[in-house]
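Asks: Here you go, this is query-v1.cif (mmCIF, C-alpha atoms).
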```cif
data_data
#
loop_
_atom_site.label_atom_id
_atom_site.label_comp_id
_atom_site.auth_asym_id
_atom_site.auth_seq_id
_atom_site.Cartn_x
_atom_site.Cartn_y
_atom_site.Cartn_z
CA MET U 125 -94.16 -135.36 45.56
CA SER U 126 -96.92 -137.74 46.61
CA LYS U 127 -97.56 -138.69 50.20
CA GLN U 128 -96.48 -142.29 50.93
CA LYS U 129 -98.78 -144.66 52.77
CA ARG U 130 -97.38 -146.61 55.71
CA SER U 131 -96.45 -150.11 54.64
CA PRO U 132 -97.85 -153.17 56.42
CA LEU U 133 -94.37 -153.70 57.90
CA ALA U 134 -94.32 -150.16 59.31
CA ARG U 135 -97.82 -150.62 60.77
CA LEU U 136 -96.71 -153.92 62.34
CA ALA U 137 -93.65 -152.24 63.87
CA GLY U 138 -95.88 -149.52 65.32
CA ALA U 139 -98.28 -152.07 66.80
CA LEU U 140 -95.35 -154.00 68.28
CA ALA U 141 -94.01 -150.83 69.89
CA LYS U 142 -97.38 -150.11 71.53
CA TRP U 143 -97.56 -153.68 72.79
CA LEU U 144 -94.06 -153.49 74.31
CA GLY U 145 -95.10 -150.72 76.69
CA SER U 146 -92.65 -148.54 78.61
CA GLY U 147 -89.05 -147.82 77.81
CA ILE U 148 -87.56 -146.55 74.60
CA VAL U 149 -89.12 -148.20 71.62
CA ALA U 150 -87.98 -148.05 68.03
CA THR U 151 -90.86 -148.13 65.58
CA GLY U 152 -91.73 -147.03 62.12
CA ALA U 153 -90.60 -147.54 58.60
CA LEU U 154 -87.61 -149.62 57.68
CA LEU U 155 -86.01 -147.90 54.75
CA PRO U 156 -82.96 -149.47 53.12
CA GLY U 157 -81.22 -146.43 51.72
CA PRO U 158 -78.52 -145.42 49.31
CA ALA U 159 -74.82 -145.60 49.93
CA PRO U 160 -73.05 -142.39 48.93
CA THR U 161 -71.94 -144.04 45.67
CA GLN U 162 -75.27 -145.80 45.13
CA ALA U 163 -77.75 -142.93 45.20
CA ALA U 164 -79.47 -144.27 42.07
CA ALA U 165 -80.00 -147.63 43.82
CA TYR U 166 -82.16 -146.19 46.62
CA ARG U 167 -85.32 -148.20 47.20
CA SER U 168 -88.22 -147.42 49.46
CA VAL U 169 -89.68 -150.13 51.63
CA GLU U 170 -92.16 -151.03 48.90
CA GLY U 171 -89.38 -151.61 46.36
CA ALA U 172 -86.87 -153.37 48.61
CA PRO U 173 -86.19 -157.11 48.31
CA ALA U 174 -87.51 -159.33 51.11
CA ALA U 175 -83.96 -160.09 52.29
CA TRP U 176 -83.36 -156.36 52.85
CA LEU U 177 -86.61 -155.98 54.78
CA ASN U 178 -85.83 -159.00 56.95
CA TYR U 179 -82.38 -157.61 57.69
CA ALA U 180 -83.76 -154.13 58.46
CA SER U 181 -86.23 -155.74 60.86
CA LEU U 182 -83.38 -157.59 62.60
CA VAL U 183 -81.38 -154.37 62.93
CA GLN U 184 -84.41 -152.50 64.23
CA ARG U 185 -84.94 -155.13 66.95
CA ARG U 186 -81.26 -154.91 67.97
CA VAL U 187 -81.35 -151.10 68.12
CA GLN U 188 -84.54 -151.27 70.16
CA ASP U 189 -82.90 -153.70 72.61
CA TRP U 190 -79.81 -151.52 72.97
CA LEU U 191 -81.83 -148.35 73.49
CA GLY U 192 -83.90 -150.04 76.18
CA GLN U 193 -80.96 -151.22 78.29
CA ASP U 194 -80.85 -150.00 81.87
CA ASP U 195 -77.39 -148.45 81.85
CA GLU U 196 -76.23 -144.87 82.43
CA PRO U 197 -76.03 -143.81 78.76
CA GLY U 198 -79.45 -145.32 78.10
CA ARG U 199 -81.00 -143.59 81.11
CA ARG U 200 -79.53 -140.20 80.12
CA LEU U 201 -80.76 -140.60 76.55
CA ARG U 202 -84.25 -141.61 77.67
CA ALA U 203 -84.40 -138.63 80.08
CA SER U 204 -83.39 -136.25 77.29
CA LEU U 205 -85.95 -137.69 74.88
CA GLU U 206 -88.67 -137.62 77.51
CA ALA U 207 -87.94 -133.95 78.31
CA ARG U 208 -88.04 -133.05 74.61
CA SER U 209 -91.27 -134.99 74.16
CA GLN U 210 -92.91 -133.11 77.03
CA GLN U 211 -91.73 -129.74 75.67
CA ARG U 212 -93.11 -130.44 72.22
CA GLY U 213 -96.17 -132.37 73.36
CA ALA U 214 -95.50 -135.17 70.87
CA THR U 215 -93.56 -138.39 70.62
CA PRO U 216 -90.27 -137.56 68.93
CA SER U 217 -89.27 -139.46 65.83
CA PHE U 218 -86.13 -139.32 63.78
CA ILE U 219 -84.21 -141.03 61.00
CA ALA U 220 -81.18 -143.20 61.76
CA ARG U 221 -78.83 -144.03 58.91
CA LEU U 222 -76.62 -147.01 59.72
CA TRP U 223 -73.66 -148.34 57.78
CA ILE U 224 -73.08 -151.99 58.64
CA LEU U 225 -69.90 -153.86 57.81
CA ALA U 226 -69.80 -157.32 56.21
CA ASN U 227 -69.14 -158.77 59.68
CA GLY U 228 -72.43 -157.32 61.00
CA LYS U 229 -70.89 -154.51 63.07
CA ILE U 230 -72.18 -150.96 62.88
CA GLU U 231 -69.44 -148.85 61.35
CA ARG U 232 -71.18 -145.48 61.26
CA ALA U 233 -74.44 -143.90 62.38
CA ASP U 234 -75.96 -140.55 61.37
CA PHE U 235 -79.24 -139.07 62.52
CA GLU U 236 -81.82 -136.50 61.45
CA GLY U 237 -84.43 -135.04 63.76
CA ILE U 238 -82.61 -135.18 67.12
CA ASP U 239 -80.33 -132.68 68.80
CA VAL U 240 -76.56 -132.91 68.80
CA ALA U 241 -76.26 -134.30 72.34
CA GLU U 242 -78.78 -137.06 71.61
CA ALA U 243 -77.00 -137.89 68.35
CA VAL U 244 -73.65 -138.14 70.13
CA ALA U 245 -75.17 -140.42 72.78
CA LEU U 246 -76.85 -142.63 70.19
CA ARG U 247 -73.71 -142.81 68.06
CA ALA U 248 -71.68 -143.89 71.12
CA LEU U 249 -74.31 -146.48 72.00
CA LEU U 250 -74.37 -148.00 68.50
CA ALA U 251 -70.75 -147.69 67.31
CA GLY U 252 -69.10 -151.07 66.81
CA ARG U 253 -72.14 -153.03 67.98
CA ASP U 254 -72.74 -156.37 66.28
CA VAL U 255 -76.28 -156.73 64.94
CA GLY U 256 -75.88 -160.51 64.81
CA ALA U 257 -75.69 -161.09 61.07
CA PRO U 258 -74.00 -159.59 58.02
CA PRO U 259 -76.10 -157.48 55.69
CA PRO U 260 -77.24 -159.03 52.41
CA ALA U 261 -74.36 -158.69 49.95
CA ASP U 262 -76.43 -156.65 47.48
CA MET U 263 -78.09 -154.36 50.04
CA SER U 264 -77.68 -150.61 49.53
CA GLN U 265 -76.26 -148.70 52.47
CA PRO U 266 -76.80 -146.88 54.66
CA LEU U 267 -79.80 -148.63 56.11
CA HIS U 268 -82.46 -146.01 56.94
CA LEU U 269 -84.63 -146.59 59.99
CA LYS U 270 -87.40 -144.23 61.00
CA LEU U 271 -87.53 -144.44 64.77
CA SER U 272 -90.16 -143.17 67.16
CA LEU U 273 -89.10 -142.89 70.75
CA ARG U 274 -91.03 -142.53 73.90
CA GLY U 275 -89.52 -142.06 77.34
CA GLN U 276 -90.04 -144.48 80.18
CA ASN U 277 -93.23 -143.96 82.16
#
```
Go ahead and render the structure in this file as structure tokens.

Replies:
Amino acid sequence: MSKQKRSPLARLAGALAKWLGSGIVATGALLPGPAPTQAAAYRSVEGAPAAWLNYASLVQRRVQDWLGQDDEPGRRLRASLEARSQQRGATPSFIARLWILANGKIERADFEGIDVAEAVALRALLAGRDVGAPPPADMSQPLHLKLSLRGQN
């Protein structure tokens, strides 16, 4: 399997995250992914239509906003991520797979690369949230987002 280069969109998301400063920041690749019945339709960022990329970017901004809120669940999650980051000596990153209903609400969220407690907290934070727009009708789901998180300074 060949190593994929970061797309210009992923590099832009990373630069935006650095510019935003402290707090939890979602960065990285926006990967529209396969629905369970659409595994053959999976497309990487490079092969995804512009409408999918625009929608993934919108969702990423919403997730970033929600993760950065100053409420109790957000503070606990940031503290957990910061502790893990300090233990490992690196900024943690993970994959979020989001299923979004035709009305724009997050129906389901699964994660890879975070512990169970963090996944439960993130799932509770995202469940039922409205991203502000419906997904493109032809977009494969779940939407895959590679997120990098850094704790508040």

Asks: Pick out the closest residue to Leu249 in chain U from this set: U:Glu196, U:Glu206, U:Ala226, U:Arg221. Count all atoms listed in the file.

Replies: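 With all atoms listed in the file as the atom set, the closest residue is U:Glu196.
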
Asks: Rank U:Leu225, U:Phe218, U:Gly213, U:Ser204 by their smallest atom-to-atom distance to Ala241 in chain U, using all atoms listed in the file, and report the top residue only.

Replies: U:Ser204

Asks: Could you tell me which residues the PyMOL selection byres ((chain U and resi 233) around 10) grabs in this file, written as a list of chain:residue names?

Replies: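 Taken over the shown coordinates, the PyMOL selection byres ((chain U and resi 233) around 10) returns U:Ala220, U:Arg221, U:Leu222, U:Trp223, U:Ile224, U:Ile230, U:Glu231, U:Arg232, U:Asp234, U:Phe235, U:Ala243, U:Val244, U:Leu246, U:Arg247, U:Ala248, U:Leu249, U:Leu250, U:Ala251, U:Gly252, U:Pro266, U:Leu267, U:His268.
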
Asks: Kindly compute an axis-aligned box around the listed atoms of range 229-242 of chain U, allowing 4 Å on each side, and express its centre and edge lengths in Å to one decimal as JSON.

Replies:
```
{"center_x": -76.9, "center_y": -143.6, "center_z": 66.8, "size_x": 23.0, "size_y": 29.8, "size_z": 19.1}
```

Asks: Env of Ala175 in chain U: 9 Å cut, atoms = only C-alpha atoms, seq-sep filter 3 positions within chain, self excluded. Answer as a ChimeraX atom specification.

Replies: /U:172,178-180,259-260,263

Asks: Identify which of the residues U:Val169, U:Gly198, U:Ala174, U:Val183 lies closest to Ala245 in chain U, counting all atoms listed in the file when measuring atom-to-atom distances.

Replies: U:Gly198

Asks: Using all atoms listed in the file, find the one residue out of U:Leu205, U:Leu269, U:Leu182, U:Ala257 that sits nearest to Glu236 in chain U.

Replies: U:Leu269

Asks: Looking at U:Asp262, U:Asn227, U:Ile238, U:Pro173, which one is nearest to Ser209 in chain U, with distances taken over only C-alpha atoms?

Replies: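 Looking only at the distances to Ser209 in chain U, the closest residue turns out to be U:Ile238.
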
Asks: Would you please take range 225-277 of chain U of the structure in the block above and write C-alpha atoms to a file as a PDB file, in the first residue's frame?

Replies:
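out.pdb, freshly written:
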```pdb
ATOM      1  CA  LEU U 225     -29.241  12.328   8.601  1.00  0.00           C
ATOM      2  CA  ALA U 226     -30.934  14.116   5.690  1.00  0.00           C
ATOM      3  CA  ASN U 227     -31.983  16.855   8.151  1.00  0.00           C
ATOM      4  CA  GLY U 228     -28.326  17.575   9.030  1.00  0.00           C
ATOM      5  CA  LYS U 229     -28.353  15.961  12.481  1.00  0.00           C
ATOM      6  CA  ILE U 230     -25.649  13.563  13.585  1.00  0.00           C
ATOM      7  CA  GLU U 231     -27.248  10.170  14.006  1.00  0.00           C
ATOM      8  CA  ARG U 232     -24.211   8.122  14.982  1.00  0.00           C
ATOM      9  CA  ALA U 233     -20.531   8.628  15.760  1.00  0.00           C
ATOM     10  CA  ASP U 234     -17.754   6.035  16.007  1.00  0.00           C
ATOM     11  CA  PHE U 235     -14.104   6.642  16.758  1.00  0.00           C
ATOM     12  CA  GLU U 236     -10.709   4.993  16.315  1.00  0.00           C
ATOM     13  CA  GLY U 237      -7.610   5.996  18.220  1.00  0.00           C
ATOM     14  CA  ILE U 238      -9.113   7.245  21.501  1.00  0.00           C
ATOM     15  CA  ASP U 239      -9.967   5.408  24.686  1.00  0.00           C
ATOM     16  CA  VAL U 240     -13.452   4.267  25.619  1.00  0.00           C
ATOM     17  CA  ALA U 241     -14.144   7.112  28.067  1.00  0.00           C
ATOM     18  CA  GLU U 242     -13.138   9.741  25.495  1.00  0.00           C
ATOM     19  CA  ALA U 243     -15.275   8.034  22.845  1.00  0.00           C
ATOM     20  CA  VAL U 244     -18.293   7.999  25.164  1.00  0.00           C
ATOM     21  CA  ALA U 245     -17.796  11.696  25.954  1.00  0.00           C
ATOM     22  CA  LEU U 246     -17.405  12.623  22.284  1.00  0.00           C
ATOM     23  CA  ARG U 247     -20.411  10.542  21.267  1.00  0.00           C
ATOM     24  CA  ALA U 248     -22.541  12.286  23.920  1.00  0.00           C
ATOM     25  CA  LEU U 249     -21.274  15.675  22.760  1.00  0.00           C
ATOM     26  CA  LEU U 250     -22.081  15.019  19.089  1.00  0.00           C
ATOM     27  CA  ALA U 251     -25.248  12.881  19.216  1.00  0.00           C
ATOM     28  CA  GLY U 252     -28.245  14.659  17.708  1.00  0.00           C
ATOM     29  CA  ARG U 253     -26.322  17.852  16.968  1.00  0.00           C
ATOM     30  CA  ASP U 254     -27.346  19.751  13.845  1.00  0.00           C
ATOM     31  CA  VAL U 255     -24.409  20.545  11.570  1.00  0.00           C
ATOM     32  CA  GLY U 256     -26.437  23.265   9.850  1.00  0.00           C
ATOM     33  CA  ALA U 257     -27.068  21.661   6.470  1.00  0.00           C
ATOM     34  CA  PRO U 258     -28.078  18.296   5.036  1.00  0.00           C
ATOM     35  CA  PRO U 259     -25.387  16.165   3.449  1.00  0.00           C
ATOM     36  CA  PRO U 260     -25.228  16.024  -0.351  1.00  0.00           C
ATOM     37  CA  ALA U 261     -27.790  13.459  -1.489  1.00  0.00           C
ATOM     38  CA  ASP U 262     -25.167  11.295  -3.219  1.00  0.00           C
ATOM     39  CA  MET U 263     -22.533  11.456  -0.456  1.00  0.00           C
ATOM     40  CA  SER U 264     -21.281   8.143   0.926  1.00  0.00           C
ATOM     41  CA  GLN U 265     -21.547   7.731   4.676  1.00  0.00           C
ATOM     42  CA  PRO U 266     -20.147   7.672   7.220  1.00  0.00           C
ATOM     43  CA  LEU U 267     -18.151  10.842   6.823  1.00  0.00           C
ATOM     44  CA  HIS U 268     -14.573  10.175   7.986  1.00  0.00           C
ATOM     45  CA  LEU U 269     -12.715  13.002   9.711  1.00  0.00           C
ATOM     46  CA  LYS U 270      -9.142  12.675  10.883  1.00  0.00           C
ATOM     47  CA  LEU U 271      -8.922  14.880  13.935  1.00  0.00           C
ATOM     48  CA  SER U 272      -5.874  16.084  15.820  1.00  0.00           C
ATOM     49  CA  LEU U 273      -6.510  17.397  19.278  1.00  0.00           C
ATOM     50  CA  ARG U 274      -4.449  19.458  21.584  1.00  0.00           C
ATOM     51  CA  GLY U 275      -5.415  20.390  25.119  1.00  0.00           C
ATOM     52  CA  GLN U 276      -5.865  23.946  26.275  1.00  0.00           C
ATOM     53  CA  ASN U 277      -2.672  25.707  27.317  1.00  0.00           C
TER      54      ASN U 277
END
```
